[in-house]
Amino acid sequence: YHGAYNNYVSYGHEIAFTGEQGELVHFPVNHFRNIAQHIYVMITANRPIMEARAINTDNKSMAQTILANSILDYYMREKNLETVLKSAVEICIPLGAGFVKLEWNATAGNAYDYDEESDSYNYEGEVEFSTLSPFDVVVDGTKNSWNHEWMLVRTYQNRFNLMAKYPELADKIKGLPTKSEQYRYRLNLMSNDDTDDIAVYEF
């Protein structure tokens with residue numbers, strides 16, 4: 001999909017010569033990406049439309065749907081939910097599955113109060129979205145449907161942010177291997193890259 005012919009991305013599109021006497025031209029043509037991109041464009045051409053509907057028909061409930069639709073539109077445009085959904089679609093085409101993780105970040109947003117007992121600030125909090133590949137989501141493979149009783153999700157977060165968020169675990173977090181130190185299959189990470197991101201597993 002990314003043109004990594006002969007196991008090399010940087011030299012994947014070069015014209016080379018092969019055969020017993022170099023009489024054959026090795027000329028890669030990425031038909032797969034072309035087809036995959038057409039599929040991607042067809043799927044994402046129309047924006048996803050999510051519409052809130054009221055269960056009750058009273059005026060208050062109907063008015064709340066207007067607010068809910070405005071919030072949905074805000075997250076689609078301002079919080080990049082549409083971009084995350086498109087990214088999951090693009091991951092799904094070559095890898096067979098793509099995931100969107102929705103979580104509540106209690107320490108995001110503006111601080112609105114200070115707790116003297118815990119010596120910490122209280123924040124507004126925010127809903128956050130991220131895209132995950134099949135390498136980052138573990139489920140029970142014996143199930144016949146997606147009604148899973150459990151799911152394990154791996155994301156990468158900056159170790160210093162986590163140390164500030166969980167000061168009682170700072171020493172343990174500091175000792176964890178980073179993304180570039182782990183000898184595992186990774187996407188889009190060269191061997192000479194260095195990062196402060198560590199794996200965070202949520203069950």
# chains A, B, ... in the order shown; residues from 1 in each chain; ligands from 1
call {"tool": "residues_around", "arguments": {"residues": "region 133-142 of chain A", "least_positions_apart": "4", "cutoff": "12 Å", "atoms": "only C-alpha atoms", "output": "ChimeraX atom specification"}}
result
/A:84,87-101,146-156,184-187,199-203
call {"tool": "residues_around", "arguments": {"residues": "region 64-66 of chain A", "least_positions_apart": "3", "cutoff": "12 Å", "atoms": "only C-alpha atoms", "output": "list in words"}}
result
Met50, Glu51, Ala52, Arg53, Ala54, Ile55, Asn56, Thr57, Asp58, Asn59, Lys60, Ser61, Asn69, Ser70, Ile71, Leu72 and Asp73 of chain A
call {"tool": "write_last_selection", "arguments": {"atoms": "C-alpha atoms", "output": "CSV table (one decimal), in the first residue's frame"}}
result
chain,number,residue,atom,x,y,z
A,50,MET,CA,-25.1,11.8,12.8
A,51,GLU,CA,-28.4,13.2,14.0
A,52,ALA,CA,-29.8,13.3,17.5
A,53,ARG,CA,-33.4,12.2,17.9
A,54,ALA,CA,-35.6,12.7,20.9
A,55,ILE,CA,-37.5,9.8,22.4
A,56,ASN,CA,-40.2,12.0,23.7
A,57,THR,CA,-42.1,14.6,21.7
A,58,ASP,CA,-42.3,17.4,24.2
A,59,ASN,CA,-40.9,20.8,23.5
A,60,LYS,CA,-38.0,20.5,25.9
A,61,SER,CA,-36.8,17.2,24.4
A,69,ASN,CA,-26.8,18.2,16.8
A,70,SER,CA,-24.8,21.4,17.2
A,71,ILE,CA,-22.5,19.6,19.6
A,72,LEU,CA,-22.1,16.7,17.1
A,73,ASP,CA,-21.3,19.2,14.3
call {"tool": "atom_distance", "arguments": {"atom1": "CA of Ile15 (chain A)", "atom2": "CA of Val29 (chain A)"}}
result
10.3 Å
call {"tool": "closest_residue", "arguments": {"among": "A:Arg159, A:Lys79, A:His38, A:His2", "to": "Phe129 (chain A)", "atoms": "only C-alpha atoms"}}
result
A:Lys79
call {"tool": "atom_distance", "arguments": {"atom1": "CA of Asn158 (chain A)", "atom2": "CA of Thr178 (chain A)"}}
result
9.1 Å
call {"tool": "residues_around", "arguments": {"residues": "His13 (chain A)", "least_positions_apart": "6", "cutoff": "10 Å", "atoms": "only C-alpha atoms", "output": "PDB file with N, CA, C and O atoms, in the first residue's frame"}}
result
ATOM      1  N   GLY A   3       4.030   1.252  -1.053  1.00  0.00           N
ATOM      2  CA  GLY A   3       5.077   1.120  -2.062  1.00  0.00           C
ATOM      3  C   GLY A   3       6.371   0.547  -1.544  1.00  0.00           C
ATOM      4  O   GLY A   3       7.440   0.865  -2.076  1.00  0.00           O
ATOM      5  N   ALA A   4       6.328  -0.278  -0.514  1.00  0.00           N
ATOM      6  CA  ALA A   4       7.554  -0.866   0.043  1.00  0.00           C
ATOM      7  C   ALA A   4       7.915  -2.128  -0.728  1.00  0.00           C
ATOM      8  O   ALA A   4       7.913  -3.231  -0.195  1.00  0.00           O
ATOM      9  N   TYR A   5       8.229  -1.974  -1.996  1.00  0.00           N
ATOM     10  CA  TYR A   5       8.640  -3.121  -2.808  1.00  0.00           C
ATOM     11  C   TYR A   5      10.052  -3.534  -2.431  1.00  0.00           C
ATOM     12  O   TYR A   5      10.901  -2.697  -2.130  1.00  0.00           O
ATOM     13  N   ASN A   6      10.297  -4.826  -2.448  1.00  0.00           N
ATOM     14  CA  ASN A   6      11.608  -5.378  -2.089  1.00  0.00           C
ATOM     15  C   ASN A   6      12.022  -4.951  -0.687  1.00  0.00           C
ATOM     16  O   ASN A   6      13.212  -4.775  -0.397  1.00  0.00           O
ATOM     17  N   HIS A  26      12.931  -4.318 -14.061  1.00  0.00           N
ATOM     18  CA  HIS A  26      12.073  -4.448 -12.880  1.00  0.00           C
ATOM     19  C   HIS A  26      11.418  -3.092 -12.634  1.00  0.00           C
ATOM     20  O   HIS A  26      12.026  -2.159 -12.141  1.00  0.00           O
ATOM     21  N   PHE A  27      10.132  -3.003 -12.991  1.00  0.00           N
ATOM     22  CA  PHE A  27       9.421  -1.721 -12.945  1.00  0.00           C
ATOM     23  C   PHE A  27       8.134  -1.903 -12.138  1.00  0.00           C
ATOM     24  O   PHE A  27       7.131  -2.366 -12.659  1.00  0.00           O
ATOM     25  N   PRO A  28       8.151  -1.554 -10.857  1.00  0.00           N
ATOM     26  CA  PRO A  28       6.962  -1.767 -10.021  1.00  0.00           C
ATOM     27  C   PRO A  28       5.869  -0.738 -10.314  1.00  0.00           C
ATOM     28  O   PRO A  28       6.141   0.449 -10.497  1.00  0.00           O
ATOM     29  N   VAL A  29       4.646  -1.216 -10.363  1.00  0.00           N
ATOM     30  CA  VAL A  29       3.476  -0.344 -10.536  1.00  0.00           C
ATOM     31  C   VAL A  29       2.498  -0.667  -9.410  1.00  0.00           C
ATOM     32  O   VAL A  29       2.072  -1.810  -9.265  1.00  0.00           O
ATOM     33  N   ASN A  30       2.147   0.332  -8.626  1.00  0.00           N
ATOM     34  CA  ASN A  30       1.327   0.108  -7.438  1.00  0.00           C
ATOM     35  C   ASN A  30      -0.163   0.133  -7.797  1.00  0.00           C
ATOM     36  O   ASN A  30      -0.867   1.112  -7.558  1.00  0.00           O
TER      37      ASN A  30
END
call {"tool": "residues_around", "arguments": {"residues": "region 102-111 of chain A", "least_positions_apart": "5", "cutoff": "7 Å", "atoms": "only C-alpha atoms", "output": "number ranges by chain"}}
result
A: 121-130
call {"tool": "residues_around", "arguments": {"residues": "Gln157 (chain A)", "least_positions_apart": "4", "cutoff": "9 Å", "atoms": "only C-alpha atoms", "output": "number ranges by chain"}}
result
A: 161-162, 196-200
call {"tool": "select_by_dssp", "arguments": {"residues": "region 25-152 of chain A", "states": "alpha helix (DSSP H)", "output": "JSON, numbers by chain"}}
result
{"A": [31, 32, 33, 34, 35, 36, 37, 38, 39, 40, 41, 42, 43, 44, 59, 60, 61, 62, 63, 64, 65, 66, 67, 68, 69, 70, 71, 72, 73, 74, 75, 76, 77, 81, 82, 83, 84, 85, 86, 87, 88, 89, 90, 91, 92, 93, 94, 95]}
call {"tool": "atom_distance", "arguments": {"atom1": "CA of Leu176 (chain A)", "atom2": "CA of Thr195 (chain A)"}}
result
12.4 Å
call {"tool": "select_by_dssp", "arguments": {"residues": "chain A", "states": "strand (DSSP E)", "output": "PyMOL selection string"}}
result
chain A and resi 16-18+24-26+99-105+111-115+120-123+126-132+137-138+152-158+197-202
